[in-house]
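Encoded as structure tokens, the structure appears first; notes follow it.
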Amino acid sequence: MAVFNHISFDDHEQIVFCQDKASGLKAIVAIHNTNLGPAVGGCRMWNYDSDDEALNDVLRLSRGMTYKNALAGLAMGGGKSVIIADPKTTDREALFRAFGRCIHTLGGKYYSAEDVGVSTSDIMIAHQETPYMAGLEGKSGDPSPFTALGTYLGIKAAVKHQRGLDSLKGLKISVQGVGHVGYYLCRHLHEEGAELIVTDIHQSSLDRVATEFGATIVAPQDIYHQDVDVYAPCALGATINDSTLPVIKATIVAGCANNQLAEPRHGEKLKELGILYAPDYVINAGGIINVSFENDYDAAASTKKVEEIYNTLLKIFTLSDEQNRTTAEVADELAKQIIESAK
């Protein structure tokens, strides 16, 4: 397994491989950059097909966290962790205790939190072994509603920039992935009068949004073909790729999934097609913003900070037009300037 010459290696400061035979833990922690402060980023639990797939994911995700925290104006560096396991496993006590011990060996250079396949209760188990956990119950708690709020406001910013509209009423929006964050996003969109088309691999999640919000359900492979105004990817990453780009009908891509572009060149293709892209690590920063208020938690202050995502995206969209560059390039450049200035 290549590391230093890996396609997704981006001058990462530290990569740690953790194993605990007793619990079955196999985890990778990637610390990308700590210029702005200790690395903070969630833990993803997924049944990866290979160790290299897990490594690629954690490298991409940790880099995204560095840029996300920088553009959100947080005193945090970027890191991420993945656990290679079935997220449906019920034997979690020993697993997350072992994970907590792994994180503790880093001495506070990295703080973990919940992400796909991991709940706040899992993080509380790990917290019994280490103080270096964030998004704790009784403090900032579940970040999902704040991620959804930021994504909703990001969609509004994209619609405002492209169409000059202040409302989403009557717009058709496809949401790919209606789990925890996706559900809250659908609620915001429904309350503003948007028409929802949704897909997910879990029927119970689909039934919930169909019943509560009148959403139309389509098969996972059909979500890209929908005649909609906005496509909101809210599941796993790399859904903007060579296969999906030719069939996407939306003129805006704005969702809460991480690493939505399979490769940077797909951002160029979106621009060529006239599709406005809201950079994922900007629009989905609401959760980590909420976590940043962990000590002396104040939900109102957190919400006010999340609302800044709207103007941050408008700035990126405007610079993209003025400089004739992709929104992803503009966002990266702005983030790098902040990170470099903190050296």
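Residues are named by chain letter and number: chains run A, B, ... in the order of the structure tokens, numbers start at 1 in each chain, and ligands are numbered from 1 in the order shown.
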task = Determine, counting only C-alpha atoms, which protein, DNA and RNA residues have an atom within 10 Å of an atom of region 34-41 of chain A; residues of the same chain fewer than 6 positions away are not included. Present the result as a ChimeraX atom specification.
result = /A:12-13,61-62,64-66,68-70,73-81,108-115,132-134,288,291-292,338-343
request  = If you run DSSP over the backbone, which residues in region 194-238 of chain A end up helix (DSSP H, G or I)? Put them as a PyMOL selection string.
outcome  = chain A and resi 203-213+220-225
Two-atom distance - CA of Asp122 (chain A), CA of Gly182 (chain A) (Å) =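 Taking CA of Asp122 (chain A) as the start and CA of Gly182 (chain A) as the end point, the length is 20.5 Å.
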query = Counting only C-alpha atoms, what is within 6 Å of region 234-238 of chain A, bar same-chain residues fewer than 5 positions away, as a PyMOL selection string?
reply = chain A and resi 176-177+255-262
Using the selection just defined, write its residues with all heavy atoms as a JSON list (two decimals), in the first residue's frame.
[["chain", "number", "residue", "atom", "x", "y", "z"],
["A", 176, "GLN", "N", -30.11, 12.98, -2.67],
["A", 176, "GLN", "CA", -29.55, 11.63, -2.70],
["A", 176, "GLN", "C", -29.02, 11.30, -1.31],
["A", 176, "GLN", "O", -27.96, 11.76, -0.91],
["A", 176, "GLN", "CB", -28.42, 11.55, -3.72],
["A", 176, "GLN", "CG", -27.78, 10.18, -3.85],
["A", 176, "GLN", "CD", -26.57, 10.25, -4.76],
["A", 176, "GLN", "OE1", -25.77, 11.18, -4.69],
["A", 176, "GLN", "NE2", -26.43, 9.26, -5.62],
["A", 177, "GLY", "N", -29.79, 10.51, -0.55],
["A", 177, "GLY", "CA", -29.41, 10.18, 0.81],
["A", 177, "GLY", "C", -30.25, 10.97, 1.79],
["A", 177, "GLY", "O", -30.06, 12.18, 1.94],
["A", 255, "GLY", "N", -25.00, 19.94, -2.08],
["A", 255, "GLY", "CA", -25.44, 18.95, -1.09],
["A", 255, "GLY", "C", -24.41, 18.81, 0.01],
["A", 255, "GLY", "O", -23.36, 19.44, 0.00],
["A", 256, "CYS", "N", -24.72, 17.94, 0.98],
["A", 256, "CYS", "CA", -23.88, 17.85, 2.18],
["A", 256, "CYS", "C", -22.88, 16.70, 2.15],
["A", 256, "CYS", "O", -22.12, 16.52, 3.11],
["A", 256, "CYS", "CB", -24.74, 17.76, 3.43],
["A", 256, "CYS", "SG", -25.87, 16.35, 3.44],
["A", 257, "ALA", "N", -22.83, 15.90, 1.10],
["A", 257, "ALA", "CA", -21.85, 14.81, 1.03],
["A", 257, "ALA", "C", -20.44, 15.38, 0.94],
["A", 257, "ALA", "O", -20.23, 16.48, 0.42],
["A", 257, "ALA", "CB", -22.13, 13.93, -0.18],
["A", 258, "ASN", "N", -19.48, 14.63, 1.45],
["A", 258, "ASN", "CA", -18.07, 15.01, 1.33],
["A", 258, "ASN", "C", -17.51, 14.50, 0.01],
["A", 258, "ASN", "O", -17.96, 13.48, -0.52],
["A", 258, "ASN", "CB", -17.26, 14.43, 2.48],
["A", 258, "ASN", "CG", -17.52, 15.12, 3.79],
["A", 258, "ASN", "OD1", -17.43, 16.34, 3.89],
["A", 258, "ASN", "ND2", -17.84, 14.36, 4.82],
["A", 259, "ASN", "N", -16.51, 15.20, -0.52],
["A", 259, "ASN", "CA", -15.78, 14.75, -1.70],
["A", 259, "ASN", "C", -16.70, 14.38, -2.86],
["A", 259, "ASN", "O", -16.64, 13.29, -3.42],
["A", 259, "ASN", "CB", -14.87, 13.57, -1.35],
["A", 259, "ASN", "CG", -13.81, 13.94, -0.35],
["A", 259, "ASN", "OD1", -13.30, 15.05, -0.36],
["A", 259, "ASN", "ND2", -13.48, 13.01, 0.53],
["A", 260, "GLN", "N", -17.56, 15.31, -3.22],
["A", 260, "GLN", "CA", -18.56, 15.04, -4.26],
["A", 260, "GLN", "C", -17.94, 14.86, -5.64],
["A", 260, "GLN", "O", -18.46, 14.11, -6.47],
["A", 260, "GLN", "CB", -19.59, 16.16, -4.28],
["A", 260, "GLN", "CG", -20.44, 16.23, -3.01],
["A", 260, "GLN", "CD", -21.25, 17.50, -2.91],
["A", 260, "GLN", "OE1", -21.59, 18.12, -3.91],
["A", 260, "GLN", "NE2", -21.56, 17.91, -1.69],
["A", 261, "LEU", "N", -16.84, 15.56, -5.90],
["A", 261, "LEU", "CA", -16.16, 15.43, -7.19],
["A", 261, "LEU", "C", -15.25, 14.22, -7.15],
["A", 261, "LEU", "O", -14.37, 14.12, -6.29],
["A", 261, "LEU", "CB", -15.34, 16.68, -7.50],
["A", 261, "LEU", "CG", -16.07, 18.03, -7.48],
["A", 261, "LEU", "CD1", -15.09, 19.15, -7.77],
["A", 261, "LEU", "CD2", -17.20, 18.03, -8.50],
["A", 262, "ALA", "N", -15.42, 13.29, -8.08],
["A", 262, "ALA", "CA", -14.55, 12.12, -8.12],
["A", 262, "ALA", "C", -13.10, 12.55, -8.36],
["A", 262, "ALA", "O", -12.17, 12.00, -7.77],
["A", 262, "ALA", "CB", -15.00, 11.15, -9.20]]
query = When DSSP works through the backbone of this structure, what residues of region 83-257 of chain A end up as strand (DSSP E), shown as a PyMOL selection string?
reply = chain A and resi 83-84+110-111+172-176+195-199+216-217+230-233+252-253
If you count only C-alpha atoms, which residues fall within 8 Å of Tyr224 (chain A), apart from same-chain ones fewer than 6 positions away, as a PDB file with N, CA, C and O atoms, in the first residue's frame?
ATOM      1  N   TYR A 231     -29.566  19.378  -7.676  1.00  0.00           N
ATOM      2  CA  TYR A 231     -29.207  18.027  -7.248  1.00  0.00           C
ATOM      3  C   TYR A 231     -28.399  18.159  -5.966  1.00  0.00           C
ATOM      4  O   TYR A 231     -27.358  18.827  -5.939  1.00  0.00           O
ATOM      5  N   THR A 244     -21.977  10.000 -14.354  1.00  0.00           N
ATOM      6  CA  THR A 244     -23.160  10.777 -13.982  1.00  0.00           C
ATOM      7  C   THR A 244     -23.253  12.129 -14.690  1.00  0.00           C
ATOM      8  O   THR A 244     -24.351  12.627 -14.953  1.00  0.00           O
ATOM      9  N   VAL A 247     -25.655  12.775 -17.658  1.00  0.00           N
ATOM     10  CA  VAL A 247     -27.110  12.615 -17.485  1.00  0.00           C
ATOM     11  C   VAL A 247     -27.714  13.583 -16.476  1.00  0.00           C
ATOM     12  O   VAL A 247     -28.942  13.690 -16.378  1.00  0.00           O
ATOM     13  N   ILE A 248     -26.882  14.292 -15.722  1.00  0.00           N
ATOM     14  CA  ILE A 248     -27.419  15.231 -14.735  1.00  0.00           C
ATOM     15  C   ILE A 248     -28.108  16.401 -15.441  1.00  0.00           C
ATOM     16  O   ILE A 248     -27.526  17.052 -16.307  1.00  0.00           O
ATOM     17  N   LYS A 249     -29.353  16.636 -15.057  1.00  0.00           N
ATOM     18  CA  LYS A 249     -30.146  17.710 -15.671  1.00  0.00           C
ATOM     19  C   LYS A 249     -30.192  18.971 -14.804  1.00  0.00           C
ATOM     20  O   LYS A 249     -30.585  20.036 -15.282  1.00  0.00           O
TER      21      LYS A 249
END
request  = Using only C-alpha atoms, find the one residue out of A:Leu171, A:Ile201, A:Leu313, A:Val178 that sits nearest to Ala250 (chain A).
outcome  = A:Leu171
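The smallest atom-to-atom distance between Gly286 (chain A) and any of A:Glu268, A:Asp321, A:Glu263, A:Asp142, using only C-alpha atoms, is found for A:Asp142.
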task = Using only C-alpha atoms, pick whichever of A:Asp298, A:Asp207, A:Ile217, A:Asp229 has the shortest atom-to-atom distance to Ala194 (chain A).
result =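 Residue with the minimum atom-to-atom distance to Ala194 (chain A): A:Asp229.
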Selected residue of minimal separation from Pro131 (chain A) among A:Leu168, A:Cys102, A:Ile283, A:Ile309, counting only C-alpha atoms =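 Checking each of A:Leu168, A:Cys102, A:Ile283, A:Ile309 against Pro131 (chain A), counting only C-alpha atoms, the winner is A:Cys102.
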message = Need to verify the contact set: region 189-193 of chain A, 12 Å, only C-alpha atoms, exclusion of same-chain residues closer than 2 positions in sequence. Can you return it as number ranges by chain?
response = A: 148-149, 151-156, 166-175, 182-187, 195-197, 209-215, 230, 232
task = Check the smallest atom-to-atom distance from each of A:Asn33, A:Gln162, A:Ser8, A:Asn290 to Thr147 (chain A) using only C-alpha atoms, then report the winner.
result =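 Answer, going by the shortest atom-to-atom distance: A:Asn290.
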task = Just the residues within 7 Å of region 84-94 of chain A, please, counting only C-alpha atoms, with nothing from its chain fewer than 6 positions along; format it as an NGL selection string.
result = :A and (23 or 26-27 or 45-48 or 117 or 125)
Can you spit out the residues from that selection as a compact mmCIF listing (two decimals), in the first residue's frame, using N, CA, C and O atoms?
# COMPACT_ATOMS: atom_id res chain seq x y z
N SER A 23 -11.03 -6.59 20.01
CA SER A 23 -12.30 -5.97 19.60
C SER A 23 -12.54 -6.07 18.10
O SER A 23 -13.65 -5.84 17.63
N LYS A 26 -10.01 -2.12 13.27
CA LYS A 26 -9.04 -1.76 12.25
C LYS A 26 -9.40 -0.34 11.83
O LYS A 26 -10.47 -0.10 11.27
N ALA A 27 -8.52 0.59 12.13
CA ALA A 27 -8.83 2.00 11.89
C ALA A 27 -7.62 2.72 11.32
O ALA A 27 -6.48 2.30 11.51
N MET A 45 -17.41 4.97 9.82
CA MET A 45 -17.36 3.50 9.93
C MET A 45 -18.01 2.92 8.68
O MET A 45 -19.18 3.17 8.40
N TRP A 46 -17.23 2.17 7.92
CA TRP A 46 -17.71 1.69 6.63
C TRP A 46 -17.06 0.35 6.30
O TRP A 46 -15.90 0.12 6.65
N ASN A 47 -17.80 -0.48 5.60
CA ASN A 47 -17.29 -1.80 5.21
C ASN A 47 -16.56 -1.66 3.87
O ASN A 47 -17.04 -2.08 2.83
N TYR A 48 -15.38 -1.06 3.93
CA TYR A 48 -14.60 -0.80 2.71
C TYR A 48 -14.21 -2.10 2.02
O TYR A 48 -13.97 -3.13 2.67
N GLY A 117 -22.06 6.21 9.78
CA GLY A 117 -21.94 4.91 10.43
C GLY A 117 -21.61 4.97 11.90
O GLY A 117 -21.51 3.93 12.56
N ILE A 125 -18.88 6.33 24.10
CA ILE A 125 -18.14 5.14 24.53
C ILE A 125 -16.64 5.40 24.42
O ILE A 125 -15.87 5.14 25.35
ask   = Any idea what the distance is between CA of Val181 (chain A) and CA of Phe96 (chain A)?
value =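 So the two atoms, CA of Val181 (chain A) and CA of Phe96 (chain A), lie 22.5 Å apart.
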inquiry  = I want to know what sits within 12 Å of Glu333 (chain A), based on only C-alpha atoms, with residues of the same chain fewer than 3 positions away left out; could you give that as a list in words?
reply    =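 Once the nearby chain positions are removed, what remains is Tyr67, Ala70, Leu71, Ile316, Leu319, Ser320, Arg325, Thr326, Thr327, Ala328, Glu329, Val330, Lys336, Gln337, Ile338, Ile339 and Glu340 of chain A.
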Selection to disk with all heavy atoms, as a short mmCIF file (atom, residue, chain, number, x, y, z; two decimals), in the first residue's frame:
data_model
loop_
_atom_site.label_atom_id
_atom_site.label_comp_id
_atom_site.auth_asym_id
_atom_site.auth_seq_id
_atom_site.Cartn_x
_atom_site.Cartn_y
_atom_site.Cartn_z
N TYR A 67 -9.54 22.36 4.93
CA TYR A 67 -10.09 23.48 4.17
C TYR A 67 -11.44 23.92 4.75
O TYR A 67 -11.74 25.12 4.78
CB TYR A 67 -10.25 23.07 2.70
CG TYR A 67 -8.95 22.94 1.94
CD1 TYR A 67 -7.72 22.94 2.59
CD2 TYR A 67 -8.93 22.82 0.56
CE1 TYR A 67 -6.53 22.83 1.90
CE2 TYR A 67 -7.74 22.71 -0.15
CZ TYR A 67 -6.54 22.72 0.54
OH TYR A 67 -5.36 22.62 -0.15
N ALA A 70 -10.85 25.93 7.91
CA ALA A 70 -10.23 27.22 7.59
C ALA A 70 -11.27 28.21 7.07
O ALA A 70 -11.36 29.35 7.56
CB ALA A 70 -9.12 27.03 6.56
N LEU A 71 -12.06 27.80 6.08
CA LEU A 71 -13.03 28.71 5.49
C LEU A 71 -14.19 29.02 6.43
O LEU A 71 -14.86 30.05 6.28
CB LEU A 71 -13.57 28.14 4.18
CG LEU A 71 -12.69 28.38 2.95
CD1 LEU A 71 -13.29 27.77 1.71
CD2 LEU A 71 -12.45 29.87 2.73
N ILE A 316 -17.64 33.09 -3.02
CA ILE A 316 -16.97 32.12 -3.88
C ILE A 316 -17.58 32.11 -5.28
O ILE A 316 -16.86 32.10 -6.29
CB ILE A 316 -17.03 30.72 -3.25
CG1 ILE A 316 -16.14 30.66 -2.01
CG2 ILE A 316 -16.62 29.62 -4.25
CD1 ILE A 316 -16.32 29.42 -1.16
N LEU A 319 -16.46 35.35 -7.12
CA LEU A 319 -15.04 35.28 -7.52
C LEU A 319 -14.86 34.30 -8.68
O LEU A 319 -14.04 34.53 -9.58
CB LEU A 319 -14.18 34.86 -6.34
CG LEU A 319 -13.98 35.92 -5.25
CD1 LEU A 319 -13.25 35.32 -4.06
CD2 LEU A 319 -13.20 37.11 -5.80
N SER A 320 -15.61 33.22 -8.65
CA SER A 320 -15.53 32.24 -9.73
C SER A 320 -15.91 32.87 -11.06
O SER A 320 -15.23 32.66 -12.08
CB SER A 320 -16.46 31.06 -9.44
OG SER A 320 -16.56 30.19 -10.54
N ARG A 325 -12.82 30.89 -13.06
CA ARG A 325 -12.26 29.67 -12.46
C ARG A 325 -13.39 28.88 -11.84
O ARG A 325 -14.48 29.42 -11.58
CB ARG A 325 -11.23 30.01 -11.38
CG ARG A 325 -10.06 30.86 -11.87
CD ARG A 325 -9.24 31.36 -10.71
NE ARG A 325 -8.49 30.29 -10.06
CZ ARG A 325 -7.90 30.42 -8.87
NH1 ARG A 325 -8.01 31.56 -8.20
NH2 ARG A 325 -7.21 29.42 -8.37
N THR A 326 -13.16 27.62 -11.60
CA THR A 326 -14.20 26.81 -10.97
C THR A 326 -14.38 27.25 -9.52
O THR A 326 -13.46 27.78 -8.89
CB THR A 326 -13.85 25.31 -11.00
OG1 THR A 326 -12.77 25.05 -10.09
CG2 THR A 326 -13.50 24.84 -12.39
N THR A 327 -15.56 27.00 -9.01
CA THR A 327 -15.83 27.34 -7.60
C THR A 327 -14.93 26.53 -6.68
O THR A 327 -14.53 27.01 -5.61
CB THR A 327 -17.30 27.08 -7.25
OG1 THR A 327 -17.64 25.72 -7.58
CG2 THR A 327 -18.22 28.02 -8.02
N ALA A 328 -14.61 25.30 -7.06
CA ALA A 328 -13.73 24.46 -6.25
C ALA A 328 -12.33 25.06 -6.17
O ALA A 328 -11.70 25.08 -5.10
CB ALA A 328 -13.67 23.04 -6.81
N GLU A 329 -11.83 25.56 -7.28
CA GLU A 329 -10.50 26.19 -7.31
C GLU A 329 -10.47 27.44 -6.44
O GLU A 329 -9.51 27.68 -5.69
CB GLU A 329 -10.11 26.55 -8.74
CG GLU A 329 -9.79 25.37 -9.63
CD GLU A 329 -9.55 25.79 -11.07
OE1 GLU A 329 -10.24 26.72 -11.55
OE2 GLU A 329 -8.68 25.19 -11.71
N VAL A 330 -11.52 28.24 -6.54
CA VAL A 330 -11.59 29.47 -5.75
C VAL A 330 -11.62 29.14 -4.26
O VAL A 330 -10.90 29.76 -3.46
CB VAL A 330 -12.83 30.29 -6.14
CG1 VAL A 330 -13.05 31.45 -5.16
CG2 VAL A 330 -12.68 30.83 -7.56
N LYS A 336 -6.34 27.90 1.35
CA LYS A 336 -4.88 27.83 1.44
C LYS A 336 -4.29 29.14 1.96
O LYS A 336 -3.31 29.13 2.73
CB LYS A 336 -4.30 27.50 0.07
CG LYS A 336 -4.53 26.05 -0.37
CD LYS A 336 -4.00 25.84 -1.79
CE LYS A 336 -4.26 24.41 -2.26
NZ LYS A 336 -3.81 24.19 -3.66
N GLN A 337 -4.86 30.26 1.56
CA GLN A 337 -4.37 31.55 2.04
C GLN A 337 -4.51 31.66 3.56
O GLN A 337 -3.61 32.15 4.26
CB GLN A 337 -5.13 32.69 1.36
CG GLN A 337 -4.82 32.85 -0.12
CD GLN A 337 -5.72 33.87 -0.80
OE1 GLN A 337 -6.55 34.52 -0.17
NE2 GLN A 337 -5.57 34.01 -2.10
N ILE A 338 -5.64 31.18 4.08
CA ILE A 338 -5.86 31.22 5.52
C ILE A 338 -4.90 30.29 6.25
O ILE A 338 -4.30 30.66 7.28
CB ILE A 338 -7.32 30.82 5.84
CG1 ILE A 338 -8.29 31.85 5.27
CG2 ILE A 338 -7.54 30.66 7.34
CD1 ILE A 338 -9.74 31.41 5.28
N ILE A 339 -4.69 29.12 5.71
CA ILE A 339 -3.82 28.11 6.34
C ILE A 339 -2.38 28.57 6.33
O ILE A 339 -1.66 28.46 7.34
CB ILE A 339 -3.98 26.76 5.62
CG1 ILE A 339 -5.40 26.22 5.80
CG2 ILE A 339 -2.96 25.73 6.14
CD1 ILE A 339 -5.79 25.17 4.79
N GLU A 340 -1.93 29.11 5.20
CA GLU A 340 -0.55 29.57 5.10
C GLU A 340 -0.27 30.75 6.02
O GLU A 340 0.83 30.87 6.59
CB GLU A 340 -0.24 29.96 3.64
CG GLU A 340 -0.12 28.78 2.70
CD GLU A 340 1.02 27.85 3.07
OE1 GLU A 340 2.14 28.36 3.32
OE2 GLU A 340 0.80 26.63 3.14
#
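Reported to one decimal place, the separation of CA of Ile83 (chain A) from CA of Ile15 (chain A) is 13.7 Å.
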message = Between A:Arg63, A:Gln226, A:Arg163, A:Leu136, which residue has the minimum interatomic distance to Asn295 (chain A), considering only C-alpha atoms?
response =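 So, comparing all the options, the nearest one is A:Leu136.
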